[in-house]
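This report refers to the structure that appears directly beneath it.
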Number of protein chains: 2
Amino acid sequence: MLTKKELKEFCKKARENYLPHISIDCVVFGFHEGVLKVLLLKIKKEDAWYLPGGFVLQQEPIETAANRILKERTGLDEIFLQQFHVFGDPERSKQHFDMYKDMLPAKENWFTNRFLTIGYYALVDFCETNPAPDQFSSTCNWCDLHAIPELRLDHALILKTALDALRLQLNYQPIGYNLMPKQFTMPELQKLYETILDKKLDRRNFQRRMLGFGILNRSEQPRKGGAHKAPYLYSFDLKNYEAALTEGFKGGW
Amino acid sequence: MLTKKELKEFCKKARENYLPHISIDCVVFGFHEGVLKVLLLKIKKEDAWYLPGGFVLQQEPIETAANRILKERTGLDEIFLQQFHVFGDPERSKQHFDMYKDMLPAKENWFTNRFLTIGYYALVDFCETNPAPDQFSSTCNWCDLHAIPELRLDHALILKTALDALRLQLNYQPIGYNLMPKQFTMPELQKLYETILDKKLDRRNFQRRMLGFGILNRSEQPRKGGAHKAPYLYSFDLKNYEAALTEGFKGGW
């Protein structure tokens, strides 16, 4: 949490620069070889964790704000963030209200405000990132989704809603271009889906459905080496992949 | 548009009661027997049309606000509204800024503010509604989606984004419980999907896919009368329908 001096400085800057009542929180999921994590911040002098979040400059488009906030708070840059939900419970930021209410008079105190927060999410390869804490945080870490620490405010709800949105997205959009190597086997791709869904999938159904989407090219050359029958190698058909991102899968209506 | 007197009154009330910088706009789609419409308002003394929208009370949950706004502006009550997107371009409400900037000093003028708007959409049977204009509107009408009049601000973009969200929803959630009679034929259900998607669907594929979702019960008794082979009658299996609303279709991963 902020000291009184830090709070005073922050509130002055915030009142001059940001839109009141609106914040942004980012849920960045990280995948690598069968493990799914989420990026969290531990705030200095607090035991609890937060999603990386922040406020919108007075004349800033919200997509620009989401990317700036993620960069300022975690060092992650050029991440494709997707908006998924606005959280508008009037009580959602009460913990911050209580934490800071005695430090500054209400009129000067940014955290006296109610805040709606706009949730954004992204899915990246966590091995290709280099997260770093900002001035307010002691730690900026990839945390395993099976061992999430206590989260402040409504950040557990925001995380759960983002995970639901990501899983739903598997039903209508391609995923994985930035997560898989250039060429991959069907079991390797299946592992990505199983990790996100946190469940086993049937091998044949997966292959049939995935091929039906028309976003994969099969290489003429199977992978070399290994004692068993060499598996086929696939790559994404970028033209069809992009089209499916905009229009949804062919398998749709 | 508001007269100077109306604007002055409105701005005073708005500054006292609403959160600044945030609005809500509702896209209500209406279906009946193969026709899809959208609910629009024509504002008094303006040639252009708007989606029904409004502002959020200082301590009001945003879902409550969306329903209150829709009721106040159109008379429609108890509509299931779903949040779909926040529109946050800093220039999106410039038309209102320009329209009202000379009528009141900036400090008193609500429309000097930049507004982010939260979009909500719903799908209802338009024959079961009775829309009525509010004090600001001369008309509140169901307009055919193929003949939408000029819309103010970014409301054409909001409408298009809502229609995309509705069409996407057909890929992962059941739809139609409040739109179909208790019992219906497969071609009647197909007509709903074709109307929303604005395209013809293959009869066999539609039936196979729809039955695969496991949300329909087939009646033992075919529909009576008619010269040809009587078609089977279906009804929604409410338990499976509700489950699919929460968890997505069985056909998912």
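Each chain of the structure tokens is named A, B, ... in the order shown, its residues numbered from 1; ligands are numbered from 1 in display order.
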Chain B contacts to chain A at 9 Å (only C-alpha atoms) as a ChimeraX atom specification: /B:19-22,58-63,83-91,114,116,118,167-168,170-172,193,197,201,206,247-248,251-253
Residue selection dump (N, CA, C and O atoms) as a short mmCIF file (atom, residue, chain, number, x, y, z; two decimals), in the first residue's frame:
```cif
data_model
loop_
_atom_site.label_atom_id
_atom_site.label_comp_id
_atom_site.auth_asym_id
_atom_site.auth_seq_id
_atom_site.Cartn_x
_atom_site.Cartn_y
_atom_site.Cartn_z
N LEU B 19 -22.65 9.28 -12.60
CA LEU B 19 -21.20 9.19 -12.75
C LEU B 19 -20.80 9.93 -14.03
O LEU B 19 -21.39 9.68 -15.09
N PRO B 20 -19.80 10.80 -13.96
CA PRO B 20 -19.36 11.45 -15.19
C PRO B 20 -18.60 10.46 -16.09
O PRO B 20 -18.10 9.45 -15.60
N HIS B 21 -18.55 10.74 -17.36
CA HIS B 21 -17.71 10.02 -18.33
C HIS B 21 -18.21 8.64 -18.71
O HIS B 21 -17.56 7.94 -19.47
N ILE B 22 -19.34 8.19 -18.12
CA ILE B 22 -19.81 6.83 -18.41
C ILE B 22 -21.26 6.88 -18.88
O ILE B 22 -22.09 7.52 -18.24
N GLN B 58 -24.92 7.42 -9.28
CA GLN B 58 -23.63 7.33 -8.60
C GLN B 58 -23.39 6.03 -7.84
O GLN B 58 -22.26 5.55 -7.74
N GLN B 59 -24.45 5.44 -7.28
CA GLN B 59 -24.25 4.20 -6.53
C GLN B 59 -25.00 3.02 -7.14
O GLN B 59 -25.36 2.06 -6.45
N GLU B 60 -25.25 3.05 -8.42
CA GLU B 60 -26.09 2.04 -9.08
C GLU B 60 -25.23 0.97 -9.76
O GLU B 60 -24.30 1.30 -10.52
N PRO B 61 -25.51 -0.32 -9.53
CA PRO B 61 -24.81 -1.36 -10.30
C PRO B 61 -25.10 -1.16 -11.80
O PRO B 61 -26.21 -0.74 -12.15
N ILE B 62 -24.14 -1.45 -12.67
CA ILE B 62 -24.34 -1.12 -14.08
C ILE B 62 -25.44 -1.96 -14.73
O ILE B 62 -26.11 -1.48 -15.63
N GLU B 63 -25.64 -3.20 -14.27
CA GLU B 63 -26.73 -4.00 -14.85
C GLU B 63 -28.09 -3.38 -14.50
O GLU B 63 -28.99 -3.34 -15.35
N GLN B 83 -24.17 -7.52 -21.52
CA GLN B 83 -23.08 -6.60 -21.84
C GLN B 83 -22.24 -7.18 -22.97
O GLN B 83 -21.98 -8.38 -22.96
N PHE B 84 -21.86 -6.38 -23.96
CA PHE B 84 -21.02 -6.96 -25.02
C PHE B 84 -19.74 -6.19 -25.32
O PHE B 84 -18.78 -6.77 -25.81
N HIS B 85 -19.68 -4.87 -25.04
CA HIS B 85 -18.45 -4.13 -25.39
C HIS B 85 -18.49 -2.73 -24.80
O HIS B 85 -19.57 -2.16 -24.63
N VAL B 86 -17.32 -2.19 -24.51
CA VAL B 86 -17.20 -0.78 -24.13
C VAL B 86 -16.58 -0.01 -25.29
O VAL B 86 -15.56 -0.45 -25.84
N PHE B 87 -17.18 1.11 -25.63
CA PHE B 87 -16.69 1.95 -26.72
C PHE B 87 -16.00 3.15 -26.10
O PHE B 87 -16.63 3.93 -25.39
N GLY B 88 -14.69 3.28 -26.35
CA GLY B 88 -13.90 4.24 -25.60
C GLY B 88 -13.09 5.21 -26.44
O GLY B 88 -12.10 5.77 -25.95
N ASP B 89 -13.49 5.42 -27.70
CA ASP B 89 -12.81 6.42 -28.53
C ASP B 89 -13.06 7.81 -27.92
O ASP B 89 -14.21 8.19 -27.69
N PRO B 90 -11.98 8.59 -27.67
CA PRO B 90 -12.18 9.91 -27.04
C PRO B 90 -13.06 10.85 -27.87
O PRO B 90 -13.62 11.78 -27.33
N GLU B 91 -13.17 10.59 -29.18
CA GLU B 91 -13.95 11.47 -30.06
C GLU B 91 -15.40 11.02 -30.25
O GLU B 91 -16.15 11.64 -30.99
N ARG B 114 -16.04 13.84 -22.03
CA ARG B 114 -15.88 12.63 -22.84
C ARG B 114 -16.67 11.50 -22.16
O ARG B 114 -16.68 11.39 -20.94
N LEU B 116 -17.29 7.27 -22.14
CA LEU B 116 -17.19 5.88 -22.57
C LEU B 116 -18.59 5.32 -22.50
O LEU B 116 -19.33 5.62 -21.57
N ILE B 118 -20.99 1.78 -22.35
CA ILE B 118 -21.04 0.33 -22.21
C ILE B 118 -22.24 -0.16 -23.02
O ILE B 118 -23.36 0.28 -22.79
N ARG B 167 -24.62 -12.82 -33.46
CA ARG B 167 -24.36 -13.91 -34.43
C ARG B 167 -23.32 -14.89 -33.88
O ARG B 167 -23.44 -16.10 -34.06
N LEU B 168 -22.31 -14.35 -33.22
CA LEU B 168 -21.29 -15.20 -32.61
C LEU B 168 -21.91 -16.10 -31.54
O LEU B 168 -21.57 -17.27 -31.40
N LEU B 170 -24.65 -17.51 -31.50
CA LEU B 170 -25.30 -18.70 -32.07
C LEU B 170 -24.34 -19.87 -32.13
O LEU B 170 -24.77 -21.02 -32.22
N ASN B 171 -23.03 -19.60 -32.09
CA ASN B 171 -22.04 -20.68 -32.17
C ASN B 171 -21.76 -21.36 -30.85
O ASN B 171 -21.17 -22.42 -30.82
N TYR B 172 -22.11 -20.72 -29.75
CA TYR B 172 -21.72 -21.32 -28.48
C TYR B 172 -22.81 -21.36 -27.43
O TYR B 172 -22.59 -21.89 -26.35
N TYR B 193 -32.66 -18.78 -36.95
CA TYR B 193 -31.22 -18.68 -37.18
C TYR B 193 -30.92 -17.97 -38.50
O TYR B 193 -30.03 -17.13 -38.59
N LEU B 197 -28.79 -14.54 -38.93
CA LEU B 197 -27.55 -14.59 -39.74
C LEU B 197 -27.72 -13.91 -41.09
O LEU B 197 -26.74 -13.67 -41.79
N LEU B 201 -29.53 -21.48 -44.61
CA LEU B 201 -28.73 -22.57 -44.06
C LEU B 201 -29.18 -23.88 -44.68
O LEU B 201 -30.35 -24.02 -45.09
N PHE B 206 -28.38 -28.17 -40.50
CA PHE B 206 -28.99 -27.45 -39.39
C PHE B 206 -29.60 -28.44 -38.40
O PHE B 206 -29.36 -28.37 -37.19
N GLU B 247 -22.58 -23.23 -19.54
CA GLU B 247 -21.33 -23.95 -19.85
C GLU B 247 -20.99 -24.00 -21.33
O GLU B 247 -19.95 -24.55 -21.70
N GLY B 248 -21.85 -23.45 -22.16
CA GLY B 248 -21.63 -23.60 -23.60
C GLY B 248 -22.16 -24.95 -24.06
O GLY B 248 -22.52 -25.81 -23.26
N GLY B 251 -21.34 -29.65 -27.83
CA GLY B 251 -20.52 -29.75 -29.04
C GLY B 251 -19.18 -29.03 -28.90
O GLY B 251 -18.33 -29.16 -29.75
N GLY B 252 -19.01 -28.24 -27.83
CA GLY B 252 -17.75 -27.55 -27.58
C GLY B 252 -16.67 -28.55 -27.19
O GLY B 252 -16.85 -29.76 -27.28
N TRP B 253 -15.56 -28.05 -26.75
CA TRP B 253 -14.42 -28.94 -26.46
C TRP B 253 -14.66 -29.73 -25.19
O TRP B 253 -15.25 -29.26 -24.28
#
```
Which of segment 17-243 of chain A DSSP labels strand (DSSP E), written as a PyMOL selection string: chain A and resi 18-32+35-43+49-50+53-57+82-87+116-125+137-144+216-218+234-236
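Across the structure, atom CA of Asp134 of chain A and atom CA of Arg73 of chain A are spaced 5.1 Å apart.
Every protein, DNA or RNA residue with an atom at most 9 Å from Phe80 of chain A, where only C-alpha atoms count and chain neighbours fewer than 5 positions away do not, is listed here: Asn67, Tyr121, Ala122, Leu123 and Val124 of chain A.
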Segment 45-56 of chain A environment, 9 Å, only C-alpha atoms, sequence neighbours closer than 3 positions dropped, as a ChimeraX atom specification: /A:1-2,14,17-28,38-42,59-62,64-66,69-70,73-74,117,137-138,140,149-153,155-156,158-159
